[in-house]
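data.txt, holding compact mmCIF, C-alpha atoms:
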```
# COMPACT_ATOMS: atom_id res chain seq x y z
CA MET A 26 12.40 -12.13 -14.77
CA VAL A 27 15.84 -11.10 -16.04
CA ALA A 28 18.62 -13.18 -14.46
CA VAL A 29 22.30 -12.53 -13.79
CA ARG A 30 24.83 -15.32 -14.31
CA TRP A 31 27.90 -15.73 -12.12
CA ARG A 32 30.02 -18.83 -12.78
CA LYS A 33 27.55 -21.74 -12.69
CA HIS A 34 24.92 -19.87 -10.66
CA GLU A 35 22.03 -17.79 -11.89
CA PHE A 36 20.49 -14.97 -9.85
CA THR A 37 17.52 -12.73 -10.51
CA TRP A 38 17.93 -9.00 -10.05
CA LEU A 39 15.72 -9.26 -6.97
CA GLN A 40 18.13 -11.75 -5.42
CA VAL A 41 21.10 -9.51 -6.25
CA LEU A 42 19.39 -6.53 -4.62
CA THR A 43 18.55 -8.67 -1.59
CA HIS A 44 22.22 -9.61 -1.08
CA LEU A 45 23.37 -6.02 -1.51
CA GLY A 46 20.68 -4.69 0.81
CA ALA A 47 21.50 -7.28 3.48
CA LEU A 48 25.21 -6.42 3.39
CA ALA A 49 24.68 -2.64 3.36
CA PRO A 50 24.27 -2.16 7.17
CA PHE A 51 27.49 -4.09 7.83
CA VAL A 52 29.46 -2.12 5.24
CA TYR A 53 28.07 1.15 6.62
CA LEU A 54 29.03 0.08 10.15
CA LEU A 55 32.60 -0.72 9.07
CA TRP A 56 32.84 2.64 7.30
CA ASP A 57 31.75 4.52 10.42
CA TYR A 58 34.07 2.44 12.62
CA PHE A 59 37.22 3.07 10.57
CA ASN A 60 36.31 6.75 10.09
CA ASP A 61 35.54 7.34 13.81
CA ASN A 62 31.92 8.18 13.06
CA LEU A 63 30.37 6.08 15.82
CA SER A 64 28.52 7.69 18.72
CA VAL A 65 30.01 8.60 22.10
CA ASN A 66 29.06 5.08 23.24
CA PRO A 67 30.50 2.92 20.42
CA ILE A 68 29.70 -0.42 22.06
CA GLN A 69 26.03 0.47 22.38
CA ASP A 70 26.07 1.82 18.83
CA ILE A 71 27.50 -1.43 17.44
CA THR A 72 25.06 -3.45 19.56
CA PHE A 73 22.03 -1.73 18.07
CA ARG A 74 23.45 -1.57 14.56
CA THR A 75 23.92 -5.33 14.47
CA GLY A 76 20.78 -6.30 16.36
CA LYS A 77 18.26 -4.26 14.39
CA PRO A 78 19.33 -5.57 10.95
CA ALA A 79 19.15 -9.08 12.38
CA LEU A 80 15.54 -8.55 13.44
CA VAL A 81 14.57 -6.83 10.16
CA LEU A 82 16.03 -9.63 8.03
CA LEU A 83 14.47 -12.30 10.24
CA VAL A 84 11.02 -10.71 9.85
CA LEU A 85 11.50 -10.37 6.09
CA SER A 86 12.40 -14.06 5.85
CA LEU A 87 9.18 -14.92 7.69
CA ALA A 88 7.20 -12.78 5.24
CA CYS A 89 8.34 -14.79 2.20
CA THR A 90 5.95 -17.71 2.77
CA PRO A 91 2.78 -15.57 3.17
CA LEU A 92 3.74 -13.56 0.09
CA ASN A 93 3.71 -16.80 -1.87
CA SER A 94 0.75 -18.58 -0.26
CA LEU A 95 -1.54 -15.54 -0.08
CA PHE A 96 -0.54 -13.52 -3.14
CA GLY A 97 1.05 -16.15 -5.37
CA TRP A 98 4.46 -14.39 -5.53
CA ARG A 99 6.76 -17.38 -6.04
CA GLU A 100 9.90 -15.26 -6.35
CA ALA A 101 9.67 -14.52 -2.62
CA LEU A 102 10.51 -18.15 -1.80
CA LYS A 103 13.94 -17.73 -3.40
CA LEU A 104 14.71 -14.97 -0.90
CA ARG A 105 13.75 -16.87 2.24
CA ARG A 106 17.03 -18.72 2.78
CA PRO A 107 19.46 -15.83 2.06
CA LEU A 108 17.44 -13.50 4.30
CA GLY A 109 17.51 -16.07 7.10
CA VAL A 110 21.26 -16.69 6.70
CA TYR A 111 22.07 -12.98 6.77
CA ALA A 112 19.82 -12.55 9.81
CA PHE A 113 21.79 -15.24 11.66
CA LEU A 114 25.13 -13.66 10.69
CA TYR A 115 23.98 -10.34 12.19
CA VAL A 116 22.83 -12.24 15.28
CA CYS A 117 26.35 -13.65 15.61
CA LEU A 118 27.86 -10.17 15.31
CA HIS A 119 25.36 -8.92 17.88
CA LEU A 120 26.27 -11.71 20.29
CA LEU A 121 30.01 -11.21 19.76
CA THR A 122 29.59 -7.52 20.57
CA PHE A 123 27.82 -8.47 23.79
CA ILE A 124 30.24 -11.13 25.03
CA GLY A 125 33.42 -9.60 23.58
CA LEU A 126 33.25 -5.81 23.56
CA ASP A 127 30.80 -5.46 26.43
CA TYR A 128 31.95 -8.25 28.77
CA GLY A 129 35.50 -8.95 27.54
CA PHE A 130 34.87 -12.69 27.01
CA ASP A 131 34.77 -13.14 30.80
CA PRO A 132 32.80 -16.40 31.41
CA GLY A 133 31.68 -15.38 34.88
CA LEU A 134 30.37 -11.98 33.81
CA ILE A 135 28.71 -13.44 30.72
CA TYR A 136 26.97 -16.18 32.74
CA GLU A 137 25.80 -13.63 35.29
CA ALA A 138 24.52 -11.26 32.59
CA ILE A 139 22.63 -13.95 30.66
CA PHE A 140 20.83 -15.45 33.63
CA GLU A 141 20.17 -12.22 35.54
CA LYS A 142 19.06 -9.93 32.71
CA ARG A 143 15.88 -11.01 31.01
CA PHE A 144 16.70 -9.32 27.68
CA ALA A 145 19.96 -11.27 27.53
CA LEU A 146 18.25 -14.54 28.44
CA VAL A 147 15.58 -14.38 25.71
CA GLY A 148 18.15 -13.13 23.21
CA PHE A 149 20.43 -16.07 23.97
CA ALA A 150 17.46 -18.44 23.71
CA ALA A 151 16.66 -17.05 20.24
CA PHE A 152 20.30 -17.58 19.23
CA CYS A 153 20.21 -21.20 20.43
CA ILE A 154 17.08 -21.82 18.32
CA LEU A 155 18.51 -20.19 15.20
CA LEU A 156 21.84 -22.02 15.44
CA PRO A 157 20.61 -25.47 14.23
CA LEU A 158 18.39 -23.79 11.65
CA PHE A 159 21.43 -22.10 10.13
CA PHE A 160 23.47 -25.30 9.87
CA THR A 161 20.57 -27.32 8.42
CA SER A 162 19.44 -24.70 5.89
CA THR A 163 21.11 -26.43 2.92
CA LYS A 164 19.37 -28.76 0.47
CA GLY A 165 21.59 -31.62 1.62
CA TRP A 166 20.29 -31.39 5.18
CA GLN A 167 16.76 -31.00 3.83
CA ARG A 168 17.14 -34.38 2.08
CA ARG A 169 18.71 -36.02 5.14
CA LEU A 170 16.04 -34.87 7.59
CA GLY A 171 13.05 -35.38 5.28
CA LYS A 172 9.79 -34.41 6.97
CA ARG A 173 11.63 -33.55 10.18
CA TRP A 174 13.35 -30.66 8.40
CA LYS A 175 10.13 -28.65 8.17
CA THR A 176 9.28 -29.40 11.80
CA LEU A 177 12.72 -28.19 12.87
CA HIS A 178 12.58 -25.01 10.81
CA ASN A 179 9.14 -24.14 12.14
CA LEU A 180 11.01 -23.21 15.33
CA VAL A 181 11.81 -19.91 13.64
CA TYR A 182 8.27 -18.87 14.57
CA LEU A 183 9.36 -19.19 18.21
CA ALA A 184 12.69 -17.41 17.70
CA ALA A 185 11.06 -14.33 16.15
CA PRO A 186 8.84 -13.44 19.16
CA LEU A 187 11.82 -14.04 21.47
CA ALA A 188 13.87 -11.60 19.39
CA VAL A 189 11.08 -9.02 19.67
CA PHE A 190 10.97 -9.39 23.48
CA HIS A 191 14.77 -9.12 23.56
CA TYR A 192 14.55 -5.79 21.71
CA LEU A 193 11.60 -4.59 23.82
CA TRP A 194 13.37 -5.26 27.15
CA LEU A 195 16.66 -3.86 25.88
CA VAL A 196 15.53 -0.35 24.83
CA LYS A 197 13.80 0.41 28.16
CA SER A 198 12.41 3.84 27.14
CA ASP A 199 11.16 4.33 23.56
CA ILE A 200 9.37 1.07 22.78
CA ARG A 201 7.60 2.14 19.57
CA GLN A 202 9.92 0.24 17.24
CA PRO A 203 9.83 -3.01 19.25
CA LEU A 204 6.04 -2.80 19.34
CA PHE A 205 5.97 -2.27 15.57
CA PHE A 206 8.10 -5.36 14.99
CA GLY A 207 5.95 -7.28 17.45
CA GLY A 208 2.81 -6.35 15.51
CA VAL A 209 4.36 -7.45 12.21
CA VAL A 210 5.47 -10.79 13.69
CA ALA A 211 2.00 -11.31 15.20
CA LEU A 212 0.38 -10.73 11.78
CA LEU A 213 2.78 -13.15 10.10
CA LEU A 214 1.97 -15.79 12.70
CA LEU A 215 -1.74 -15.09 12.22
CA PHE A 216 -1.44 -15.64 8.47
CA ARG A 217 -0.28 -19.21 9.13
CA ILE A 218 -3.66 -20.16 10.63
CA PRO A 219 -5.75 -21.89 7.89
CA ALA A 220 -8.97 -20.22 9.04
CA VAL A 221 -7.33 -16.84 8.42
CA LYS A 222 -5.23 -17.71 5.37
CA ARG A 223 -8.03 -19.16 3.20
CA PRO A 224 -10.42 -16.16 3.26
CA LEU A 225 -7.52 -13.76 2.74
CA ARG A 226 -6.35 -15.66 -0.33
CA THR A 227 -9.91 -15.92 -1.66
CA GLY A 228 -10.45 -12.19 -1.16
CA TRP A 229 -7.15 -11.35 -2.83
CA MET A 230 -7.95 -13.53 -5.86
CA ALA A 231 -11.41 -11.89 -6.14
CA LEU A 232 -9.81 -8.42 -5.97
CA VAL A 233 -7.29 -9.33 -8.69
CA ALA A 234 -10.07 -10.72 -10.88
CA ARG A 235 -12.06 -7.50 -10.47
CA LEU A 236 -9.14 -5.15 -11.13
CA TRP A 237 -7.59 -7.15 -13.95
CA PRO A 238 -10.40 -9.21 -15.51
CA ALA A 239 -9.40 -11.96 -17.89
CA PRO A 240 -10.05 -11.26 -21.61
CA PRO A 241 -13.27 -12.81 -22.95
CA ALA A 242 -12.82 -16.18 -24.53
CA GLY A 243 -13.25 -16.29 -28.31
CA PRO A 244 -15.32 -18.84 -30.26
CA ARG A 245 -14.13 -22.35 -29.76
CA PRO A 246 -12.36 -23.78 -32.81
CA ALA A 247 -14.00 -26.71 -34.50
CA PRO A 248 -12.41 -30.11 -33.94
CA ALA A 249 -9.79 -31.12 -36.45
CA ALA A 250 -11.83 -34.04 -37.79
CA ALA A 251 -14.86 -31.83 -38.39
CA LYS A 252 -12.71 -29.26 -40.20
CA THR A 253 -11.28 -31.95 -42.49
CA SER A 254 -14.64 -33.37 -43.38
CA ALA A 255 -16.13 -29.95 -43.99
CA ALA A 256 -13.29 -28.87 -46.27
CA ARG A 257 -13.33 -32.05 -48.32
CA PRO A 258 -15.58 -31.77 -51.46
CA PRO A 259 -18.31 -34.37 -51.84
CA ARG A 260 -17.34 -37.42 -53.82
CA ALA A 261 -18.93 -37.70 -57.26
CA GLU A 262 -21.24 -40.61 -57.66
CA VAL A 263 -19.97 -43.01 -60.31
CA LYS A 264 -22.68 -44.76 -62.34
CA LEU A 265 -21.78 -48.06 -63.91
CA PRO A 266 -23.14 -48.76 -67.43
CA ALA A 267 -26.14 -51.06 -67.58
CA GLU A 268 -25.44 -54.63 -68.62
CA ARG A 269 -26.52 -55.60 -72.14
CA PRO A 270 -28.81 -58.59 -72.47
CA ASP A 271 -27.20 -61.50 -74.36
```

Write the structure described by the file as structure tokens, please.
Amino acid sequence: MVAVRWRKHEFTWLQVLTHLGALAPFVYLLWDYFNDNLSVNPIQDITFRTGKPALVLLVLSLACTPLNSLFGWREALKLRRPLGVYAFLYVCLHLLTFIGLDYGFDPGLIYEAIFEKRFALVGFAAFCILLPLFFTSTKGWQRRLGKRWKTLHNLVYLAAPLAVFHYLWLVKSDIRQPLFFGGVVALLLLFRIPAVKRPLRTGWMALVARLWPAPPAGPRPAPAAAKTSAARPPRAEVKLPAERPD
């Protein structure tokens, strides 16, 4: 795949598009804010326009591992960390909108809202799970934690359903989108079960082999030693002259 170099780093075009796509909702939100294009309820508008990208990016980061393990797309693994980091940054913006714009950084009101409203409680729980995952997402922390790093980062599979319930309990009326995200997360969790993953991978490999069969193998070349001996002409037999009797 064609790569783009920037200083000492090298990025594929897919990685570049991932960064641009992840930043696009934030740039669009800033544009609408400074041009007074938000809705009549700007706080609610900002809340949804930071929360939904967070959920989308989180789900996409979860999809990277199945894309590699089931379909053999290794490039997806390079996108897992940036998608997760951007998801957490949108979560932070979403939380700041809630505690700052909505509740004015009032500790009493924030405490009351978190522990009395179920959507706020599960959303805050998802944030608390994602917080250590964000700070330990570097290769340095991966080396320090060793095997515990994978155990810690498996908690993302708990944070994702909590985020879906947060969205489901927040919208109140039209729940089609939360249910869609819930179905996608459920499928991604299902793909992690070995009894499900193995037959899916086997079926995919069989489908690929049927659609794009491998070219037939040609005749096997003769070994090098056999070629040498076959190409060498036979040695002429040298006859010595008979000895004369004295």

message = Quick one: residues within 10 Å of Ala185 of chain A, all atoms listed in the file, excluding same-chain residues fewer than 6 positions away - as a VMD selection string?
response = chain A and resid 80 83 to 84 87 151 154 to 155 191 206 to 207 210 to 211 214

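Distance check against Arg226 of chain A using all atoms listed in the file: of A:Val181, A:Tyr111, A:Gly125, A:Ser94, the minimum falls on A:Ser94.
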
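Atom to atom, atom CA of Lys103 of chain A and atom CA of Leu82 of chain A stand 14.2 Å apart.
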
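The gap separating atom CA of Pro107 of chain A from atom CA of His44 of chain A is 7.5 Å, in Å to one decimal.
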
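Nearest residue to Val81 of chain A among A:Ala145, A:Leu158, A:Ala188, A:Ile200 is A:Ala188, counting only C-alpha atoms.
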
Segment 120-136 of chain A: axis-aligned bounding box, 5 Å on each side, centre and edge lengths in Å, one decimal, as lines of an AutoDock Vina configuration file:
```
center_x = 30.9
center_y = -10.9
center_z = 27.3
size_x = 19.2
size_y = 20.9
size_z = 25.1
```

ask   = So which residues are close to (12.0, -25.8, 10.2), meaning at most 10 Å away in the file's coordinates with only C-alpha atoms counted, and can you show them as JSON, numbers by chain?
value = {"A": [155, 157, 158, 161, 162, 167, 172, 173, 174, 175, 176, 177, 178, 179, 180, 181, 182]}

request  = Just give me the gap between atom CA of Met230 of chain A and atom CA of Gly97 of chain A in Å, one decimal is fine.
outcome  = 9.4 Å

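Neighbouring residues of Asn93 of chain A at 12 Å or closer, counting all atoms listed in the file and skipping chain neighbours under 6 positions away, are Ser86, Leu87, Arg99, Glu100, Ala101, Leu102, Lys103, Leu104, Arg105, Phe216, Arg217, Lys222 and Arg226 of chain A.
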
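The smallest atom-to-atom distance between Gly228 of chain A and any of A:Leu114, A:Leu48, A:Val147, A:Leu95, using all atoms listed in the file, is found for A:Leu95.
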
Kindly complete segment 75-107 of chain A to N, CA and C atoms; the output should be written as a PDB file, keeping the file's coordinate frame.
```
ATOM      1  N   THR A  75      23.885  -3.930  14.891  1.00  0.00           N
ATOM      2  CA  THR A  75      23.920  -5.330  14.470  1.00  0.00           C
ATOM      3  C   THR A  75      22.631  -6.058  14.841  1.00  0.00           C
ATOM      4  N   GLY A  76      22.010  -5.632  15.932  1.00  0.00           N
ATOM      5  CA  GLY A  76      20.780  -6.300  16.360  1.00  0.00           C
ATOM      6  C   GLY A  76      19.568  -5.940  15.526  1.00  0.00           C
ATOM      7  N   LYS A  77      19.442  -4.667  15.166  1.00  0.00           N
ATOM      8  CA  LYS A  77      18.260  -4.260  14.390  1.00  0.00           C
ATOM      9  C   LYS A  77      18.243  -4.870  12.990  1.00  0.00           C
ATOM     10  N   PRO A  78      19.366  -4.869  12.237  1.00  0.00           N
ATOM     11  CA  PRO A  78      19.330  -5.570  10.950  1.00  0.00           C
ATOM     12  C   PRO A  78      19.015  -7.054  11.081  1.00  0.00           C
ATOM     13  N   ALA A  79      19.475  -7.671  12.172  1.00  0.00           N
ATOM     14  CA  ALA A  79      19.150  -9.080  12.380  1.00  0.00           C
ATOM     15  C   ALA A  79      17.646  -9.286  12.503  1.00  0.00           C
ATOM     16  N   LEU A  80      16.987  -8.424  13.259  1.00  0.00           N
ATOM     17  CA  LEU A  80      15.540  -8.550  13.440  1.00  0.00           C
ATOM     18  C   LEU A  80      14.792  -8.229  12.148  1.00  0.00           C
ATOM     19  N   VAL A  81      15.227  -7.195  11.424  1.00  0.00           N
ATOM     20  CA  VAL A  81      14.570  -6.830  10.160  1.00  0.00           C
ATOM     21  C   VAL A  81      14.659  -7.974   9.163  1.00  0.00           C
ATOM     22  N   LEU A  82      15.843  -8.544   9.001  1.00  0.00           N
ATOM     23  CA  LEU A  82      16.030  -9.630   8.030  1.00  0.00           C
ATOM     24  C   LEU A  82      15.277 -10.885   8.458  1.00  0.00           C
ATOM     25  N   LEU A  83      15.215 -11.138   9.754  1.00  0.00           N
ATOM     26  CA  LEU A  83      14.470 -12.300  10.240  1.00  0.00           C
ATOM     27  C   LEU A  83      12.983 -12.151   9.923  1.00  0.00           C
ATOM     28  N   VAL A  84      12.436 -10.964  10.150  1.00  0.00           N
ATOM     29  CA  VAL A  84      11.020 -10.710   9.850  1.00  0.00           C
ATOM     30  C   VAL A  84      10.754 -10.811   8.356  1.00  0.00           C
ATOM     31  N   LEU A  85      11.671 -10.280   7.547  1.00  0.00           N
ATOM     32  CA  LEU A  85      11.500 -10.370   6.090  1.00  0.00           C
ATOM     33  C   LEU A  85      11.532 -11.817   5.623  1.00  0.00           C
ATOM     34  N   SER A  86      12.372 -12.638   6.235  1.00  0.00           N
ATOM     35  CA  SER A  86      12.400 -14.060   5.850  1.00  0.00           C
ATOM     36  C   SER A  86      11.093 -14.758   6.207  1.00  0.00           C
ATOM     37  N   LEU A  87      10.483 -14.343   7.308  1.00  0.00           N
ATOM     38  CA  LEU A  87       9.180 -14.920   7.690  1.00  0.00           C
ATOM     39  C   LEU A  87       8.076 -14.471   6.735  1.00  0.00           C
ATOM     40  N   ALA A  88       8.234 -13.302   6.135  1.00  0.00           N
ATOM     41  CA  ALA A  88       7.200 -12.780   5.240  1.00  0.00           C
ATOM     42  C   ALA A  88       7.198 -13.452   3.879  1.00  0.00           C
ATOM     43  N   CYS A  89       8.245 -14.189   3.542  1.00  0.00           N
ATOM     44  CA  CYS A  89       8.340 -14.790   2.200  1.00  0.00           C
ATOM     45  C   CYS A  89       7.246 -15.827   1.961  1.00  0.00           C
ATOM     46  N   THR A  90       6.979 -16.675   2.950  1.00  0.00           N
ATOM     47  CA  THR A  90       5.950 -17.710   2.770  1.00  0.00           C
ATOM     48  C   THR A  90       4.559 -17.131   2.597  1.00  0.00           C
ATOM     49  N   PRO A  91       4.104 -16.172   3.426  1.00  0.00           N
ATOM     50  CA  PRO A  91       2.780 -15.570   3.170  1.00  0.00           C
ATOM     51  C   PRO A  91       2.691 -14.851   1.835  1.00  0.00           C
ATOM     52  N   LEU A  92       3.776 -14.237   1.388  1.00  0.00           N
ATOM     53  CA  LEU A  92       3.740 -13.560   0.090  1.00  0.00           C
ATOM     54  C   LEU A  92       3.476 -14.552  -1.040  1.00  0.00           C
ATOM     55  N   ASN A  93       3.962 -15.780  -0.863  1.00  0.00           N
ATOM     56  CA  ASN A  93       3.710 -16.800  -1.870  1.00  0.00           C
ATOM     57  C   ASN A  93       2.333 -17.438  -1.709  1.00  0.00           C
ATOM     58  N   SER A  94       1.995 -17.843  -0.477  1.00  0.00           N
ATOM     59  CA  SER A  94       0.750 -18.580  -0.260  1.00  0.00           C
ATOM     60  C   SER A  94      -0.491 -17.695  -0.391  1.00  0.00           C
ATOM     61  N   LEU A  95      -0.381 -16.419  -0.018  1.00  0.00           N
ATOM     62  CA  LEU A  95      -1.540 -15.540  -0.080  1.00  0.00           C
ATOM     63  C   LEU A  95      -1.652 -14.814  -1.420  1.00  0.00           C
ATOM     64  N   PHE A  96      -0.521 -14.361  -1.956  1.00  0.00           N
ATOM     65  CA  PHE A  96      -0.540 -13.520  -3.140  1.00  0.00           C
ATOM     66  C   PHE A  96       0.057 -14.188  -4.379  1.00  0.00           C
ATOM     67  N   GLY A  97       0.534 -15.417  -4.227  1.00  0.00           N
ATOM     68  CA  GLY A  97       1.050 -16.150  -5.370  1.00  0.00           C
ATOM     69  C   GLY A  97       2.375 -15.628  -5.903  1.00  0.00           C
ATOM     70  N   TRP A  98       3.165 -14.922  -5.091  1.00  0.00           N
ATOM     71  CA  TRP A  98       4.460 -14.390  -5.530  1.00  0.00           C
ATOM     72  C   TRP A  98       5.540 -15.427  -5.243  1.00  0.00           C
ATOM     73  N   ARG A  99       5.819 -16.277  -6.215  1.00  0.00           N
ATOM     74  CA  ARG A  99       6.760 -17.380  -6.040  1.00  0.00           C
ATOM     75  C   ARG A  99       8.199 -16.912  -5.877  1.00  0.00           C
ATOM     76  N   GLU A 100       8.529 -15.754  -6.452  1.00  0.00           N
ATOM     77  CA  GLU A 100       9.900 -15.260  -6.350  1.00  0.00           C
ATOM     78  C   GLU A 100      10.316 -15.017  -4.900  1.00  0.00           C
ATOM     79  N   ALA A 101       9.340 -14.780  -4.024  1.00  0.00           N
ATOM     80  CA  ALA A 101       9.670 -14.520  -2.620  1.00  0.00           C
ATOM     81  C   ALA A 101      10.303 -15.733  -1.959  1.00  0.00           C
ATOM     82  N   LEU A 102       9.948 -16.941  -2.406  1.00  0.00           N
ATOM     83  CA  LEU A 102      10.510 -18.150  -1.800  1.00  0.00           C
ATOM     84  C   LEU A 102      12.011 -18.259  -2.025  1.00  0.00           C
ATOM     85  N   LYS A 103      12.502 -17.690  -3.124  1.00  0.00           N
ATOM     86  CA  LYS A 103      13.940 -17.730  -3.400  1.00  0.00           C
ATOM     87  C   LYS A 103      14.726 -16.826  -2.461  1.00  0.00           C
ATOM     88  N   LEU A 104      14.049 -15.914  -1.794  1.00  0.00           N
ATOM     89  CA  LEU A 104      14.710 -14.970  -0.900  1.00  0.00           C
ATOM     90  C   LEU A 104      14.714 -15.436   0.544  1.00  0.00           C
ATOM     91  N   ARG A 105      13.934 -16.469   0.843  1.00  0.00           N
ATOM     92  CA  ARG A 105      13.750 -16.870   2.240  1.00  0.00           C
ATOM     93  C   ARG A 105      15.061 -17.332   2.884  1.00  0.00           C
ATOM     94  N   ARG A 106      15.788 -18.199   2.196  1.00  0.00           N
ATOM     95  CA  ARG A 106      17.030 -18.720   2.780  1.00  0.00           C
ATOM     96  C   ARG A 106      18.102 -17.648   2.916  1.00  0.00           C
ATOM     97  N   PRO A 107      18.431 -16.855   1.860  1.00  0.00           N
ATOM     98  CA  PRO A 107      19.460 -15.830   2.060  1.00  0.00           C
ATOM     99  C   PRO A 107      19.106 -14.817   3.142  1.00  0.00           C
TER     100      PRO A 107
END
```
